[in-house]
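Below is one structure; the comments refer to it alone.
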Amino acid sequence: MARQRIIQADKHTDKNFEHSREWIEKRLLMLAKIFCIDVCAYAIMSNHYHVVLHINREDAESLSLENVAERWLSLHSGPVLVNRFMGSDIAIKAALPQLNRKRISGLRLPGG
């Protein structure tokens, strides 16, 4: 079994991962804000973490296509079509269909 640690010192490799706790917390809260998720609770242990989340449907459904693209582009480099959409290409904006927000926000994970 692999003995990987995300926090604390690893006795087998003598590496300290204590700095990861703050990074995980900051990343979790940043991603929650981008994806309209409320973080209800979390616990970061030495080799795993637990997170209780709530999808903020009201906030998610109020986002425009531009807002969705801006949030996505804050994490990823955009493909040509998305970059053209965010630019001044009116033809691209007119051609993109509206997202089915009800279907997207209603997605459930298996067992959830």
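Identifiers for the structure tokens are assigned positionally: chains receive A, B, ... in sequence, residues are indexed from 1 per chain, and ligands are indexed from 1 in the order shown.
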What's around Asp59 in chain A at 12 Å? Count only C-alpha atoms, leave out sequence neighbours fewer than 2 positions away in its own chain, and write the answer as JSON, numbers by chain.
{"A": [32, 33, 34, 35, 36, 37, 38, 54, 55, 56, 57, 61, 62, 63, 64, 67, 68, 101, 105]}
Residue subset to file, keeping N, CA and C atoms, as a PDB file, in the first residue's frame:
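Wrote result29.pdb, looks like this:
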ATOM      1  N   ALA A  32     -14.446  26.746  -4.819  1.00  0.00           N
ATOM      2  CA  ALA A  32     -15.843  26.852  -4.402  1.00  0.00           C
ATOM      3  C   ALA A  32     -16.453  28.157  -4.890  1.00  0.00           C
ATOM      4  N   LYS A  33     -15.692  29.234  -4.804  1.00  0.00           N
ATOM      5  CA  LYS A  33     -16.192  30.534  -5.262  1.00  0.00           C
ATOM      6  C   LYS A  33     -16.405  30.541  -6.777  1.00  0.00           C
ATOM      7  N   ILE A  34     -15.466  29.976  -7.507  1.00  0.00           N
ATOM      8  CA  ILE A  34     -15.562  29.939  -8.971  1.00  0.00           C
ATOM      9  C   ILE A  34     -16.768  29.114  -9.421  1.00  0.00           C
ATOM     10  N   PHE A  35     -17.012  27.986  -8.761  1.00  0.00           N
ATOM     11  CA  PHE A  35     -18.049  27.062  -9.202  1.00  0.00           C
ATOM     12  C   PHE A  35     -19.376  27.206  -8.452  1.00  0.00           C
ATOM     13  N   CYS A  36     -19.582  28.330  -7.748  1.00  0.00           N
ATOM     14  CA  CYS A  36     -20.849  28.579  -7.039  1.00  0.00           C
ATOM     15  C   CYS A  36     -21.178  27.449  -6.068  1.00  0.00           C
ATOM     16  N   ILE A  37     -20.194  27.064  -5.287  1.00  0.00           N
ATOM     17  CA  ILE A  37     -20.337  26.000  -4.305  1.00  0.00           C
ATOM     18  C   ILE A  37     -20.152  26.602  -2.921  1.00  0.00           C
ATOM     19  N   ASP A  38     -20.991  26.221  -1.979  1.00  0.00           N
ATOM     20  CA  ASP A  38     -20.820  26.632  -0.588  1.00  0.00           C
ATOM     21  C   ASP A  38     -20.082  25.508   0.137  1.00  0.00           C
ATOM     22  N   HIS A  54     -22.304  22.303  -0.802  1.00  0.00           N
ATOM     23  CA  HIS A  54     -23.679  22.593  -1.208  1.00  0.00           C
ATOM     24  C   HIS A  54     -23.611  23.359  -2.519  1.00  0.00           C
ATOM     25  N   ILE A  55     -24.332  22.893  -3.525  1.00  0.00           N
ATOM     26  CA  ILE A  55     -24.384  23.603  -4.802  1.00  0.00           C
ATOM     27  C   ILE A  55     -25.323  24.787  -4.651  1.00  0.00           C
ATOM     28  N   ASN A  56     -24.812  25.976  -4.886  1.00  0.00           N
ATOM     29  CA  ASN A  56     -25.624  27.189  -4.788  1.00  0.00           C
ATOM     30  C   ASN A  56     -26.300  27.397  -6.146  1.00  0.00           C
ATOM     31  N   ARG A  57     -27.444  26.757  -6.327  1.00  0.00           N
ATOM     32  CA  ARG A  57     -28.137  26.784  -7.624  1.00  0.00           C
ATOM     33  C   ARG A  57     -28.558  28.192  -8.029  1.00  0.00           C
ATOM     34  N   GLU A  61     -27.396  29.600 -11.561  1.00  0.00           N
ATOM     35  CA  GLU A  61     -28.387  29.881 -12.602  1.00  0.00           C
ATOM     36  C   GLU A  61     -28.404  31.346 -13.007  1.00  0.00           C
ATOM     37  N   SER A  62     -27.878  32.216 -12.161  1.00  0.00           N
ATOM     38  CA  SER A  62     -27.869  33.643 -12.487  1.00  0.00           C
ATOM     39  C   SER A  62     -26.665  34.047 -13.347  1.00  0.00           C
ATOM     40  N   LEU A  63     -25.726  33.129 -13.567  1.00  0.00           N
ATOM     41  CA  LEU A  63     -24.537  33.461 -14.351  1.00  0.00           C
ATOM     42  C   LEU A  63     -24.863  33.553 -15.838  1.00  0.00           C
ATOM     43  N   SER A  64     -24.303  34.547 -16.485  1.00  0.00           N
ATOM     44  CA  SER A  64     -24.428  34.649 -17.945  1.00  0.00           C
ATOM     45  C   SER A  64     -23.397  33.726 -18.585  1.00  0.00           C
ATOM     46  N   ASN A  67     -20.043  35.080 -17.888  1.00  0.00           N
ATOM     47  CA  ASN A  67     -19.572  34.779 -16.527  1.00  0.00           C
ATOM     48  C   ASN A  67     -19.033  33.359 -16.428  1.00  0.00           C
ATOM     49  N   VAL A  68     -19.752  32.414 -17.027  1.00  0.00           N
ATOM     50  CA  VAL A  68     -19.323  31.014 -17.004  1.00  0.00           C
ATOM     51  C   VAL A  68     -17.974  30.881 -17.704  1.00  0.00           C
ATOM     52  N   ARG A 101     -29.381  25.050 -17.946  1.00  0.00           N
ATOM     53  CA  ARG A 101     -28.910  25.190 -16.569  1.00  0.00           C
ATOM     54  C   ARG A 101     -29.625  24.251 -15.601  1.00  0.00           C
ATOM     55  N   SER A 105     -27.368  21.884 -13.274  1.00  0.00           N
ATOM     56  CA  SER A 105     -27.364  22.030 -11.820  1.00  0.00           C
ATOM     57  C   SER A 105     -28.008  20.845 -11.116  1.00  0.00           C
TER      58      SER A 105
END
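For Val52 in chain A, the non-local neighbours within 8 Å, defined as residues at least 4 positions apart in the same chain or in other chains and counting only C-alpha atoms, are Val39, Cys40, Ala41 and Tyr42 of chain A.
Note that the spacing between CA of Ala69 in chain A and CA of Leu31 in chain A amounts to 14.6 Å.
Nearest residue to Glu22 in chain A, choosing from A:Val51, A:Met86, A:Arg71, A:Ala43 and counting only C-alpha atoms: A:Ala43.
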CA of Trp72 in chain A sits from CA of Ile24 in chain A at a separation of 19.5 Å
_Taking the DSSP secondary structure from the backbone, can you list the residues of range 16-89 of chain A that are alpha helix (DSSP H), as a ChimeraX atom specification?_
/A:20-34,57-61,65-73,80-86
Selection from above, N, CA and C atoms, as a short mmCIF file (atom, residue, chain, number, x, y, z; two decimals), in the first residue's frame, can you write it?
data_model
loop_
_atom_site.label_atom_id
_atom_site.label_comp_id
_atom_site.auth_asym_id
_atom_site.auth_seq_id
_atom_site.Cartn_x
_atom_site.Cartn_y
_atom_site.Cartn_z
N SER A 20 1.25 21.99 2.85
CA SER A 20 0.14 21.63 1.96
C SER A 20 -1.21 21.96 2.56
N ARG A 21 -1.32 21.96 3.87
CA ARG A 21 -2.62 22.22 4.51
C ARG A 21 -3.17 23.58 4.09
N GLU A 22 -2.35 24.61 4.16
CA GLU A 22 -2.80 25.96 3.79
C GLU A 22 -3.12 26.03 2.30
N TRP A 23 -2.30 25.37 1.46
CA TRP A 23 -2.55 25.38 0.02
C TRP A 23 -3.88 24.70 -0.29
N ILE A 24 -4.16 23.55 0.34
CA ILE A 24 -5.41 22.82 0.10
C ILE A 24 -6.61 23.68 0.51
N GLU A 25 -6.50 24.33 1.67
CA GLU A 25 -7.60 25.17 2.14
C GLU A 25 -7.85 26.34 1.18
N LYS A 26 -6.80 27.03 0.77
CA LYS A 26 -6.96 28.16 -0.15
C LYS A 26 -7.53 27.71 -1.49
N ARG A 27 -7.04 26.59 -2.00
CA ARG A 27 -7.51 26.08 -3.29
C ARG A 27 -8.98 25.67 -3.21
N LEU A 28 -9.36 24.99 -2.14
CA LEU A 28 -10.74 24.57 -1.94
C LEU A 28 -11.68 25.77 -1.93
N LEU A 29 -11.34 26.80 -1.18
CA LEU A 29 -12.19 27.97 -1.08
C LEU A 29 -12.24 28.76 -2.39
N MET A 30 -11.11 28.82 -3.12
CA MET A 30 -11.09 29.50 -4.41
C MET A 30 -11.97 28.76 -5.43
N LEU A 31 -11.84 27.44 -5.50
CA LEU A 31 -12.64 26.66 -6.45
C LEU A 31 -14.12 26.73 -6.10
N ALA A 32 -14.45 26.75 -4.82
CA ALA A 32 -15.84 26.85 -4.40
C ALA A 32 -16.45 28.16 -4.89
N LYS A 33 -15.69 29.23 -4.80
CA LYS A 33 -16.19 30.53 -5.26
C LYS A 33 -16.40 30.54 -6.78
N ILE A 34 -15.47 29.98 -7.51
CA ILE A 34 -15.56 29.94 -8.97
C ILE A 34 -16.77 29.11 -9.42
N ARG A 57 -27.44 26.76 -6.33
CA ARG A 57 -28.14 26.78 -7.62
C ARG A 57 -28.56 28.19 -8.03
N GLU A 58 -28.99 28.98 -7.08
CA GLU A 58 -29.44 30.34 -7.39
C GLU A 58 -28.31 31.15 -8.02
N ASP A 59 -27.13 31.10 -7.41
CA ASP A 59 -25.98 31.80 -7.97
C ASP A 59 -25.58 31.23 -9.33
N ALA A 60 -25.56 29.90 -9.44
CA ALA A 60 -25.16 29.26 -10.69
C ALA A 60 -26.11 29.61 -11.83
N GLU A 61 -27.40 29.60 -11.56
CA GLU A 61 -28.39 29.88 -12.60
C GLU A 61 -28.40 31.35 -13.01
N LEU A 65 -23.52 33.50 -19.89
CA LEU A 65 -22.52 32.70 -20.60
C LEU A 65 -21.14 33.31 -20.45
N GLU A 66 -21.07 34.64 -20.47
CA GLU A 66 -19.78 35.32 -20.31
C GLU A 66 -19.19 35.05 -18.93
N ASN A 67 -20.04 35.08 -17.89
CA ASN A 67 -19.57 34.78 -16.53
C ASN A 67 -19.03 33.36 -16.43
N VAL A 68 -19.75 32.41 -17.03
CA VAL A 68 -19.32 31.01 -17.00
C VAL A 68 -17.97 30.88 -17.70
N ALA A 69 -17.84 31.51 -18.87
CA ALA A 69 -16.58 31.44 -19.62
C ALA A 69 -15.44 32.10 -18.85
N GLU A 70 -15.69 33.25 -18.22
CA GLU A 70 -14.65 33.93 -17.44
C GLU A 70 -14.16 33.05 -16.30
N ARG A 71 -15.08 32.41 -15.61
CA ARG A 71 -14.71 31.55 -14.49
C ARG A 71 -13.90 30.36 -14.98
N TRP A 72 -14.33 29.76 -16.08
CA TRP A 72 -13.62 28.62 -16.64
C TRP A 72 -12.22 29.03 -17.08
N LEU A 73 -12.14 30.19 -17.74
CA LEU A 73 -10.84 30.67 -18.22
C LEU A 73 -9.90 31.08 -17.09
N VAL A 80 -9.85 28.00 -29.02
CA VAL A 80 -10.08 29.11 -29.94
C VAL A 80 -11.53 29.59 -29.88
N LEU A 81 -12.48 28.68 -29.87
CA LEU A 81 -13.89 29.07 -29.87
C LEU A 81 -14.25 29.88 -28.63
N VAL A 82 -13.76 29.46 -27.46
CA VAL A 82 -14.06 30.19 -26.23
C VAL A 82 -13.39 31.56 -26.25
N ASN A 83 -12.15 31.61 -26.72
CA ASN A 83 -11.46 32.90 -26.80
C ASN A 83 -12.16 33.85 -27.77
N ARG A 84 -12.67 33.32 -28.87
CA ARG A 84 -13.43 34.16 -29.82
C ARG A 84 -14.73 34.62 -29.19
N PHE A 85 -15.38 33.73 -28.42
CA PHE A 85 -16.62 34.08 -27.73
C PHE A 85 -16.37 35.23 -26.75
N MET A 86 -15.27 35.17 -26.02
CA MET A 86 -14.96 36.20 -25.03
C MET A 86 -14.48 37.49 -25.69
#
